[in-house]
file protein_20.txt (compact mmCIF, C-alpha atoms and all ligand atoms)
# COMPACT_ATOMS: atom_id res chain seq x y z
CA MET A 382 0.00 0.00 0.00
CA ASN A 383 1.20 3.55 -0.72
CA GLN A 384 2.09 5.73 2.23
CA PHE A 385 -0.40 8.46 3.09
CA GLN A 386 -0.90 11.18 5.67
CA TYR A 387 -3.84 11.03 8.06
CA VAL A 388 -5.53 14.11 9.54
CA ARG A 389 -8.71 14.63 11.55
CA ALA A 390 -11.02 17.44 10.45
CA VAL A 391 -12.34 19.59 13.31
CA SER A 392 -15.01 21.45 11.32
CA SER A 393 -16.66 21.25 7.90
CA LYS A 394 -14.86 24.48 7.02
CA THR A 395 -11.39 23.11 7.76
CA ALA A 396 -12.29 19.81 6.09
CA VAL A 397 -13.08 21.50 2.76
CA ALA A 398 -10.14 23.90 3.10
CA THR A 399 -7.74 20.96 3.65
CA LEU A 400 -9.22 19.12 0.67
CA ALA A 401 -9.06 22.21 -1.55
CA LYS A 402 -5.31 22.57 -0.83
CA ASP A 403 -4.44 18.99 -1.74
CA PRO A 404 -5.87 17.52 -4.97
CA SER A 405 -4.80 13.99 -4.00
CA ALA A 406 -6.54 14.06 -0.58
CA LYS A 407 -9.77 12.21 0.18
CA PHE A 408 -12.29 12.28 3.00
CA ILE A 409 -12.70 9.08 4.92
CA ALA A 410 -15.94 8.25 6.76
CA GLY A 411 -16.74 4.56 7.49
CA GLY A 412 -13.89 3.50 5.21
CA THR A 413 -15.79 0.43 3.95
CA ASN A 414 -15.29 1.34 0.31
CA LEU A 415 -12.27 3.63 0.32
CA ILE A 416 -9.98 1.26 2.22
CA ASP A 417 -10.83 -1.61 -0.18
CA LEU A 418 -10.01 0.62 -3.14
CA MET A 419 -6.70 1.63 -1.56
CA LYS A 420 -5.79 -1.98 -0.77
CA ASN A 421 -6.54 -2.99 -4.38
CA GLY A 422 -4.45 -0.14 -5.79
CA VAL A 423 -7.47 1.41 -7.52
CA THR A 424 -6.88 4.69 -5.73
CA ALA A 425 -3.87 6.07 -3.86
CA PRO A 426 -4.73 9.27 -1.96
CA GLN A 427 -1.71 10.92 -0.35
CA LYS A 428 -3.81 12.30 2.48
CA LEU A 429 -6.89 10.97 4.27
CA ILE A 430 -9.06 13.55 5.99
CA ASP A 431 -11.05 11.76 8.68
CA ILE A 432 -14.43 13.47 8.98
CA ASN A 433 -15.86 11.24 11.70
CA ASN A 434 -15.56 13.92 14.42
CA LEU A 435 -17.75 16.40 12.55
CA PRO A 436 -21.24 16.95 14.01
CA LEU A 437 -23.01 15.51 10.98
CA ALA A 438 -24.80 12.43 12.29
CA GLU A 439 -28.07 14.04 13.33
CA ILE A 440 -31.48 12.95 12.04
CA LYS A 441 -34.26 15.47 12.64
CA LYS A 442 -37.70 16.44 11.42
CA GLN A 443 -37.88 19.89 9.83
CA ALA A 444 -40.97 21.89 8.79
CA ASN A 445 -41.57 20.04 5.49
CA SER A 446 -38.77 17.52 5.31
CA LEU A 447 -36.56 15.05 7.11
CA TYR A 448 -32.89 15.98 7.57
CA ILE A 449 -30.28 13.22 7.74
CA GLY A 450 -26.64 14.11 8.42
CA ALA A 451 -23.96 12.72 6.11
CA LEU A 452 -22.28 10.82 8.96
CA ALA A 453 -25.43 9.03 10.12
CA THR A 454 -24.67 5.34 9.66
CA ASN A 455 -26.71 3.16 7.33
CA SER A 456 -28.05 1.10 10.27
CA GLY A 457 -28.61 4.25 12.36
CA VAL A 458 -30.82 5.64 9.59
CA ALA A 459 -32.63 2.36 8.89
CA ASP A 460 -33.50 1.91 12.59
CA ASN A 461 -34.37 5.55 13.31
CA LYS A 462 -37.95 6.21 14.48
CA LEU A 463 -38.33 9.40 12.43
CA VAL A 464 -37.12 7.62 9.30
CA LEU A 465 -39.45 4.68 9.87
CA GLN A 466 -42.38 7.05 10.46
CA ASN A 467 -41.68 9.51 7.65
CA GLN A 468 -39.58 7.72 5.02
CA PRO A 469 -39.97 3.94 5.44
CA LEU A 470 -38.91 3.31 1.81
CA LEU A 471 -35.44 4.60 2.68
CA ALA A 472 -35.18 2.26 5.67
CA MET A 473 -36.25 -0.68 3.51
CA ALA A 474 -33.65 0.10 0.83
CA LEU A 475 -30.88 0.50 3.42
CA ASN A 476 -31.68 -2.83 5.03
CA ALA A 477 -31.35 -4.52 1.63
CA GLY A 478 -27.73 -3.36 1.34
CA ALA A 479 -24.46 -5.01 2.37
CA SER A 480 -24.50 -6.76 5.78
CA ALA A 481 -25.40 -5.65 9.32
CA GLN A 482 -21.71 -5.19 10.20
CA LEU A 483 -21.08 -2.99 7.17
CA ARG A 484 -24.26 -0.97 7.70
CA ASN A 485 -23.10 -0.24 11.26
CA VAL A 486 -20.11 1.77 9.97
CA ALA A 487 -21.06 2.80 6.43
CA THR A 488 -22.33 6.39 6.31
CA VAL A 489 -24.93 8.19 4.21
CA GLY A 490 -22.28 10.40 2.50
CA GLY A 491 -19.99 7.43 1.86
CA ASN A 492 -22.85 5.38 0.44
CA MET A 493 -23.61 8.12 -2.11
CA MET A 494 -19.94 8.33 -3.06
CA GLN A 495 -19.24 4.58 -3.24
CA ARG A 496 -17.70 3.50 -6.52
CA THR A 497 -18.97 0.94 -9.01
CA ARG A 498 -18.47 -2.78 -8.42
CA CYS A 499 -17.54 -3.41 -12.09
CA TYR A 500 -14.87 -6.17 -12.10
CA TYR A 501 -12.77 -4.23 -14.62
CA PHE A 502 -12.70 -1.18 -12.34
CA TYR A 503 -11.37 -3.24 -9.42
CA ASN A 504 -8.81 -5.28 -11.39
CA THR A 505 -5.86 -2.99 -12.12
CA ASP A 506 -4.49 -5.46 -14.72
CA LEU A 507 -7.53 -4.86 -16.95
CA PRO A 508 -8.60 -1.79 -18.96
CA CYS A 509 -11.13 0.57 -17.40
CA ASN A 510 -11.89 4.11 -18.52
CA LYS A 511 -13.37 4.90 -15.12
CA ARG A 512 -10.18 3.95 -13.26
CA GLN A 513 -7.74 5.04 -15.96
CA PRO A 514 -9.28 7.35 -18.60
CA GLY A 515 -8.34 6.32 -22.14
CA SER A 516 -7.46 2.71 -21.28
CA GLY A 517 -10.70 1.29 -22.73
CA CYS A 518 -13.75 -0.49 -21.34
CA GLY A 519 -13.10 -4.17 -20.64
CA ALA A 520 -16.74 -4.83 -19.86
CA LEU A 521 -18.09 -3.71 -23.24
CA GLU A 522 -16.99 -6.95 -24.94
CA GLY A 523 -16.12 -8.83 -21.75
CA ILE A 524 -17.96 -10.22 -18.75
CA ASN A 525 -20.86 -7.81 -18.39
CA ARG A 526 -23.42 -9.66 -16.31
CA MET A 527 -23.79 -6.94 -13.64
CA HIS A 528 -23.77 -4.08 -16.12
CA ALA A 529 -26.01 -1.31 -17.43
CA ILE A 530 -28.97 -1.58 -19.76
CA PHE A 531 -29.74 2.16 -19.72
CA GLY A 532 -27.71 5.35 -20.18
CA PHE A 533 -24.32 3.73 -20.86
CA SER A 534 -21.71 4.99 -23.33
CA GLN A 535 -19.00 3.33 -25.41
CA GLN A 536 -16.61 4.44 -22.66
CA CYS A 537 -18.35 2.78 -19.73
CA ILE A 538 -21.21 0.38 -19.02
CA ALA A 539 -20.78 0.21 -15.23
CA VAL A 540 -23.67 0.62 -12.80
CA HIS A 541 -23.96 2.52 -9.53
CA PRO A 542 -24.17 -0.13 -6.80
CA SER A 543 -26.10 1.64 -4.02
CA ASP A 544 -29.50 0.59 -2.69
CA MET A 545 -29.97 3.67 -0.49
CA CYS A 546 -29.50 5.97 -3.48
CA VAL A 547 -32.33 4.32 -5.44
CA ALA A 548 -34.76 5.20 -2.64
CA LEU A 549 -33.35 8.75 -2.32
CA ALA A 550 -33.81 9.27 -6.08
CA ALA A 551 -37.42 8.09 -5.88
CA LEU A 552 -38.09 10.30 -2.84
CA ASP A 553 -36.90 13.54 -4.50
CA ALA A 554 -34.15 14.07 -1.93
CA THR A 555 -31.72 16.99 -2.02
CA VAL A 556 -28.00 16.72 -1.21
CA LEU A 557 -26.56 19.39 1.11
CA VAL A 558 -23.00 20.38 0.29
CA SER A 559 -20.36 22.51 1.98
CA ARG A 560 -17.57 24.11 -0.08
CA PRO A 561 -14.95 26.83 0.35
CA LYS A 562 -17.29 29.40 -1.28
CA GLY A 563 -20.25 28.52 0.99
CA ASP A 564 -23.01 25.94 0.96
CA ARG A 565 -25.09 24.64 -1.93
CA LYS A 566 -27.83 22.08 -2.62
CA ILE A 567 -27.97 19.49 -5.40
CA LEU A 568 -31.14 17.64 -6.42
CA PHE A 569 -30.48 13.98 -5.75
CA THR A 570 -31.42 13.03 -9.31
CA ASP A 571 -28.74 15.47 -10.55
CA PHE A 572 -26.09 14.23 -8.13
CA HIS A 573 -24.96 11.06 -9.94
CA ARG A 574 -24.19 11.35 -13.63
CA LEU A 575 -24.19 9.23 -16.77
CA PRO A 576 -20.73 8.18 -18.04
CA GLY A 577 -20.67 9.90 -21.45
CA ASP A 578 -17.05 10.63 -22.37
CA HIS A 579 -16.02 11.08 -18.72
CA PRO A 580 -16.81 7.89 -16.83
CA GLU A 581 -14.12 8.76 -14.29
CA LYS A 582 -16.63 11.26 -12.87
CA ASP A 583 -19.35 9.46 -10.94
CA ASN A 584 -21.20 12.55 -9.78
CA THR A 585 -21.45 16.32 -9.86
CA LEU A 586 -19.72 16.95 -6.53
CA ALA A 587 -16.67 19.18 -7.05
CA LYS A 588 -13.27 18.06 -5.81
CA ASP A 589 -13.34 20.48 -2.85
CA GLU A 590 -16.88 19.78 -1.64
CA LEU A 591 -18.14 17.90 1.42
CA ILE A 592 -21.57 16.29 1.62
CA THR A 593 -23.06 17.44 4.92
CA GLY A 594 -26.47 15.79 4.69
CA VAL A 595 -29.64 15.08 2.74
CA GLU A 596 -33.16 16.46 2.99
CA ILE A 597 -36.16 14.39 2.00
CA PRO A 598 -39.43 16.27 1.46
CA ASP A 599 -42.50 14.97 3.27
CA ASN A 600 -44.83 12.84 1.15
CA SER A 601 -48.15 11.07 1.42
CA PHE A 602 -47.12 7.56 0.39
CA GLY A 603 -47.82 6.07 3.79
CA LYS A 604 -47.38 2.32 3.80
CA ASN A 605 -47.81 1.83 0.04
CA ILE A 606 -44.09 1.54 -0.57
CA HIS A 607 -41.73 -1.28 -1.49
CA TYR A 608 -38.05 -1.80 -2.23
CA LEU A 609 -37.46 -5.00 -4.17
CA LYS A 610 -33.90 -6.14 -4.76
CA VAL A 611 -33.07 -9.08 -7.02
CA ARG A 612 -29.59 -10.48 -6.44
CA ASP A 613 -27.54 -13.66 -6.57
CA ARG A 614 -27.71 -14.30 -2.80
CA ALA A 615 -30.32 -13.31 -0.22
CA SER A 616 -27.76 -11.14 1.61
CA TYR A 617 -24.37 -9.55 1.06
CA ALA A 618 -24.78 -9.17 -2.70
CA PHE A 619 -25.24 -6.15 -4.94
CA ALA A 620 -28.44 -5.73 -6.95
CA LEU A 621 -28.81 -7.26 -10.39
CA VAL A 622 -31.95 -5.16 -10.55
CA SER A 623 -33.75 -3.29 -7.79
CA VAL A 624 -36.88 -1.16 -7.72
CA ALA A 625 -38.04 1.49 -5.27
CA ALA A 626 -41.79 2.02 -5.58
CA ALA A 627 -44.08 4.42 -3.73
CA LEU A 628 -47.79 4.93 -4.40
CA ASN A 629 -50.49 7.21 -3.07
CA ILE A 630 -53.73 5.30 -3.68
CA LYS A 631 -57.21 6.73 -2.99
CA ASN A 632 -60.26 4.50 -3.53
CA GLY A 633 -58.28 2.17 -5.76
CA THR A 634 -56.92 4.97 -7.99
CA ILE A 635 -53.26 5.99 -8.06
CA LYS A 636 -52.99 9.71 -7.19
CA GLU A 637 -49.19 9.91 -7.09
CA ALA A 638 -46.37 7.51 -7.96
CA ARG A 639 -42.61 7.27 -7.62
CA LEU A 640 -40.40 4.67 -9.24
CA ALA A 641 -36.65 4.27 -9.52
CA MET A 642 -34.41 1.37 -10.47
CA GLY A 643 -30.97 0.28 -9.30
CA GLY A 644 -28.44 -2.02 -10.94
CA VAL A 645 -29.37 -0.86 -14.43
CA ALA A 646 -27.44 2.39 -15.04
CA HIS A 647 -24.45 4.52 -14.01
CA LYS A 648 -26.84 6.39 -11.71
CA PRO A 649 -30.04 5.53 -9.85
CA TRP A 650 -32.54 5.35 -12.72
CA ARG A 651 -35.66 7.39 -12.01
CA LEU A 652 -38.64 6.31 -14.14
CA THR A 653 -40.60 9.53 -14.56
CA GLU A 654 -42.49 8.48 -17.72
CA ALA A 655 -43.63 5.28 -16.05
CA GLU A 656 -44.71 7.31 -13.00
CA LYS A 657 -46.89 9.50 -15.27
CA ALA A 658 -48.44 6.36 -16.77
CA LEU A 659 -49.49 5.20 -13.30
CA VAL A 660 -51.18 8.40 -12.13
CA GLY A 661 -54.98 8.47 -12.50
CA LYS A 662 -55.13 4.73 -13.24
CA PRO A 663 -56.51 1.89 -11.15
CA ALA A 664 -53.90 0.16 -8.99
CA SER A 665 -54.12 -3.03 -11.06
CA GLU A 666 -51.73 -5.52 -12.64
CA GLU A 667 -52.66 -4.20 -16.08
CA THR A 668 -51.64 -0.66 -15.08
CA PHE A 669 -48.36 -1.92 -13.58
CA LYS A 670 -47.54 -3.95 -16.74
CA HIS A 671 -48.14 -0.90 -18.91
CA ALA A 672 -45.89 1.26 -16.68
CA ALA A 673 -43.16 -1.41 -16.83
CA GLU A 674 -43.35 -1.44 -20.65
CA ILE A 675 -42.88 2.33 -20.68
CA ALA A 676 -40.02 2.07 -18.16
CA MET A 677 -38.13 -0.33 -20.43
CA GLN A 678 -38.20 1.86 -23.53
CA GLY A 679 -34.64 2.39 -24.77
CA ALA A 680 -33.14 -0.47 -22.74
CA LYS A 681 -30.36 -2.48 -24.40
CA GLY A 682 -28.59 -5.56 -23.11
CA PHE A 683 -25.07 -6.87 -23.66
CA LYS A 684 -23.81 -10.43 -24.15
CA TYR A 685 -24.17 -11.55 -20.52
CA ASN A 686 -26.81 -9.20 -19.08
CA SER A 687 -29.69 -9.46 -21.57
CA PHE A 688 -31.61 -11.35 -18.88
CA LYS A 689 -32.08 -7.93 -17.22
CA LEU A 690 -34.39 -6.92 -20.09
CA LYS A 691 -36.92 -9.40 -18.70
CA MET A 692 -35.93 -9.22 -15.05
CA ALA A 693 -36.27 -5.43 -14.83
CA PRO A 694 -39.94 -5.14 -15.95
CA ASN A 695 -40.88 -8.16 -13.84
CA THR A 696 -39.24 -6.53 -10.82
CA ILE A 697 -41.12 -3.27 -11.46
CA ILE A 698 -44.45 -5.11 -11.69
CA GLN A 699 -43.78 -7.13 -8.54
CA ALA A 700 -42.61 -4.07 -6.57
CA LEU A 701 -45.74 -2.15 -7.57
CA LYS A 702 -48.00 -5.09 -6.73
CA THR A 703 -46.44 -5.43 -3.27
CA ALA A 704 -46.53 -1.66 -2.66
CA SER A 705 -50.20 -1.44 -3.65
CA ALA A 706 -51.15 -4.46 -1.52
CA THR A 707 -49.63 -3.10 1.70
CA ALA A 708 -52.36 -2.16 4.14
C1 LIG A 801 -18.77 -6.61 0.95
C2 LIG A 801 -19.57 -5.37 0.70
C3 LIG A 801 -20.89 -5.49 0.29
C4 LIG A 801 -21.64 -4.34 0.06
N1 LIG A 801 -22.94 -4.47 -0.37
C5 LIG A 801 -23.67 -3.35 -0.62
C6 LIG A 801 -25.02 -3.44 -1.07
O1 LIG A 801 -25.57 -4.53 -1.24
N2 LIG A 801 -25.69 -2.28 -1.30
C7 LIG A 801 -25.12 -1.06 -1.11
O2 LIG A 801 -25.79 -0.05 -1.32
N3 LIG A 801 -23.85 -0.94 -0.71
C8 LIG A 801 -23.12 -2.05 -0.45
N4 LIG A 801 -21.83 -1.94 -0.05
C9 LIG A 801 -21.19 -0.62 -0.08
C10 LIG A 801 -21.31 0.13 1.20
O3 LIG A 801 -22.64 0.56 1.33
C11 LIG A 801 -20.36 1.31 1.06
O4 LIG A 801 -19.04 0.79 1.14
C12 LIG A 801 -20.58 2.34 2.15
O5 LIG A 801 -21.88 2.86 2.10
C13 LIG A 801 -19.57 3.48 2.02
O6 LIG A 801 -19.71 4.33 3.14
P1 LIG A 801 -18.44 4.70 4.03
O7 LIG A 801 -18.90 5.66 5.05
O8 LIG A 801 -17.76 3.47 4.54
O9 LIG A 801 -17.56 5.41 2.93
P2 LIG A 801 -15.96 5.53 2.82
O10 LIG A 801 -15.41 4.22 2.37
O11 LIG A 801 -15.39 6.16 4.02
O12 LIG A 801 -15.89 6.59 1.63
C14 LIG A 801 -16.32 6.26 0.33
C15 LIG A 801 -16.07 7.50 -0.55
O13 LIG A 801 -16.93 8.55 -0.13
C16 LIG A 801 -16.19 9.73 0.12
N5 LIG A 801 -16.92 10.39 1.21
C17 LIG A 801 -17.33 9.83 2.38
N6 LIG A 801 -18.06 10.70 3.07
C18 LIG A 801 -18.11 11.84 2.34
C19 LIG A 801 -18.74 13.12 2.54
N7 LIG A 801 -19.47 13.40 3.62
N8 LIG A 801 -18.58 14.07 1.57
C20 LIG A 801 -17.86 13.80 0.45
N9 LIG A 801 -17.25 12.61 0.22
C21 LIG A 801 -17.38 11.65 1.16
C22 LIG A 801 -14.79 9.25 0.47
O14 LIG A 801 -13.84 10.23 0.19
C23 LIG A 801 -14.66 8.05 -0.45
O15 LIG A 801 -14.26 8.47 -1.74
C24 LIG A 801 -21.06 -3.06 0.23
C25 LIG A 801 -19.73 -2.94 0.67
C26 LIG A 801 -18.99 -4.08 0.90
C27 LIG A 801 -17.57 -3.93 1.35

call {"tool": "encode", "arguments": {"input": "protein_20.txt", "output": "structure tokens"}}
result
Amino acid sequence: MNQFQYVRAVSSKTAVATLAKDPSAKFIAGGTNLIDLMKNGVTAPQKLIDINNLPLAEIKKQANSLYIGALATNSGVADNKLVLQNQPLLAMALNAGASAQLRNVATVGGNMMQRTRCYYFYNTDLPCNKRQPGSGCGALEGINRMHAIFGFSQQCIAVHPSDMCVALAALDATVLVSRPKGDRKILFTDFHRLPGDHPEKDNTLAKDELITGVEIPDNSFGKNIHYLKVRDRASYAFALVSVAAALNIKNGTIKEARLAMGGVAHKPWRLTEAEKALVGKPASEETFKHAAEIAMQGAKGFKYNSFKLKMAPNTIIQALKTASATA
């Protein structure tokens, strides 16, 4: 492993100032992704800025939203009373991720910033435009079972691996950011990006910015929510396809709908056209099938992941059925 310096940030302001001064520095939170990447030689920061002492772990109800600090742990969020009362879809998605031990240390900010699980990204002997721009995409003609069916480019067909982020995309969350020039907010659906010609950039966070938290607006989905994750094992496996579904149903008619998919694109894949197709319709299997057809428009499979073209609509239909059936 390369040598690196280790410093503890005492405030968000000093954290971003330290990062701004050193382009090779990185924040470390739970370390569950960053340390793996360093051990594998995928990344070699010369300085780690430990942010764990910052007061960013709070979860609180605000006037029209729920605030969750960037250092709240994945299990702390999933078990939190306010989250379970106000945003149960988020708790469900978090509990589908990783393992209990990992969720105990993994943080909200780190989860958003986690890197793809593409085998070519992790194996430094193989080409990967995300790890080393210009080296090529090994997955394009290689083993691409886990890979994207939407929004990919010739440079990269990797997917974003997070479960939490699929729920946050569906719930219209906003990311709170601190930077040397002051604070700013980023819509969650604008936070992660598609690969285009720059797959090395996963998101729109600038190099000198710190995620301080997320805000999730209140909604009226109640219990009609479901997060369905399809994976190779029942636990400790990343999604092949996942769906976050939330419905507001009155007298059998869908008044409002939210849908997002994971495991299918370089970013959590919000399905706004499918949502529109659900609104005003009866909460029936026929409606869900039609929405799934719309959701799949433009999907394209590769040699080893074409099964996702069938698995994805089936997962959407099942997630909607379960969400609508919840009393
Ligand atoms: C075996 C295994 C299985 C897993 N399975 C799943 C799964 O099924 N589903 C799933 O969603 N995830 C899964 N994960 C990923 C896990 O959720 C992430 O590793 C974790 O959420 C990262 O959080 P962290 O706090 O440990 O981040 P760290 O490893 O500390 O940091 C990750 C990145 O985020 C940056 N960062 C951290 N905090 C901030 C901040 N506040 N502002 C700006 N940048 C920041 C760091 O600089 C670093 O680049 C798995 C991980 C492992 C090891």

call {"tool": "residues_near_point", "arguments": {"input": "protein_20.txt", "point": "(-19.4, -3.3, 8.2)", "cutoff": "12 Å", "atoms": "only C-alpha atoms", "output": "list in words"}}
result
Gly411, Gly412, Thr413, Asn414, Thr454, Asn455, Ser456, Gly478, Ala479, Ser480, Ala481, Gln482, Leu483, Arg484, Asn485, Val486, Ala487, Thr488 and Tyr617 of chain A

call {"tool": "residues_near_point", "arguments": {"input": "protein_20.txt", "point": "(-15.6, 18.7, 13.0)", "cutoff": "12 Å", "atoms": "all atoms listed in the file", "output": "ChimeraX atom specification"}}
result
/A:388-397,430-438,452,591,593

call {"tool": "atom_distance", "arguments": {"input": "protein_20.txt", "atom1": "atom CA of A:Glu674", "atom2": "atom CA of A:Asp583"}}
result
28.1 Å

call {"tool": "closest_residue", "arguments": {"input": "protein_20.txt", "among": "A:Phe572, A:Phe502, A:Trp650, A:Phe602", "to": "A:Asp544", "atoms": "only C-alpha atoms"}}
result
A:Trp650

call {"tool": "closest_residue", "arguments": {"input": "protein_20.txt", "among": "A:Leu552, A:Ala664, A:Val558, A:Ala618", "to": "A:Arg639", "atoms": "all atoms listed in the file"}}
result
A:Leu552

call {"tool": "atom_distance", "arguments": {"input": "protein_20.txt", "atom1": "atom CA of A:Arg651", "atom2": "atom CA of A:Leu701"}}
result
14.6 Å

call {"tool": "atom_distance", "arguments": {"input": "protein_20.txt", "atom1": "atom O4 of ligand LIG 801 (chain A)", "atom2": "atom CA of A:Val595"}}
result
17.9 Å

call {"tool": "residues_around", "arguments": {"input": "protein_20.txt", "residues": "A:Val624", "least_positions_apart": "2", "cutoff": "6 Å", "atoms": "all atoms listed in the file", "output": "short mmCIF file (atom, residue, chain, number, x, y, z; two decimals) with C-alpha atoms, in the coordinates of the input"}}
result
data_model
loop_
_atom_site.label_atom_id
_atom_site.label_comp_id
_atom_site.auth_asym_id
_atom_site.auth_seq_id
_atom_site.Cartn_x
_atom_site.Cartn_y
_atom_site.Cartn_z
CA TYR A 608 -38.05 -1.80 -2.23
CA LEU A 609 -37.46 -5.00 -4.17
CA ALA A 641 -36.65 4.27 -9.52
CA MET A 642 -34.41 1.37 -10.47
#

call {"tool": "closest_residue", "arguments": {"input": "protein_20.txt", "among": "A:Tyr500, A:Tyr387, A:Phe688, A:Phe408", "to": "ligand LIG 801 (chain A)", "atoms": "only C-alpha atoms and all ligand atoms"}}
result
A:Phe408

call {"tool": "closest_residue", "arguments": {"input": "protein_20.txt", "among": "A:Ile592, A:Leu507, A:Cys518, A:Ile606", "to": "ligand LIG 801 (chain A)", "atoms": "all atoms listed in the file"}}
result
A:Ile592
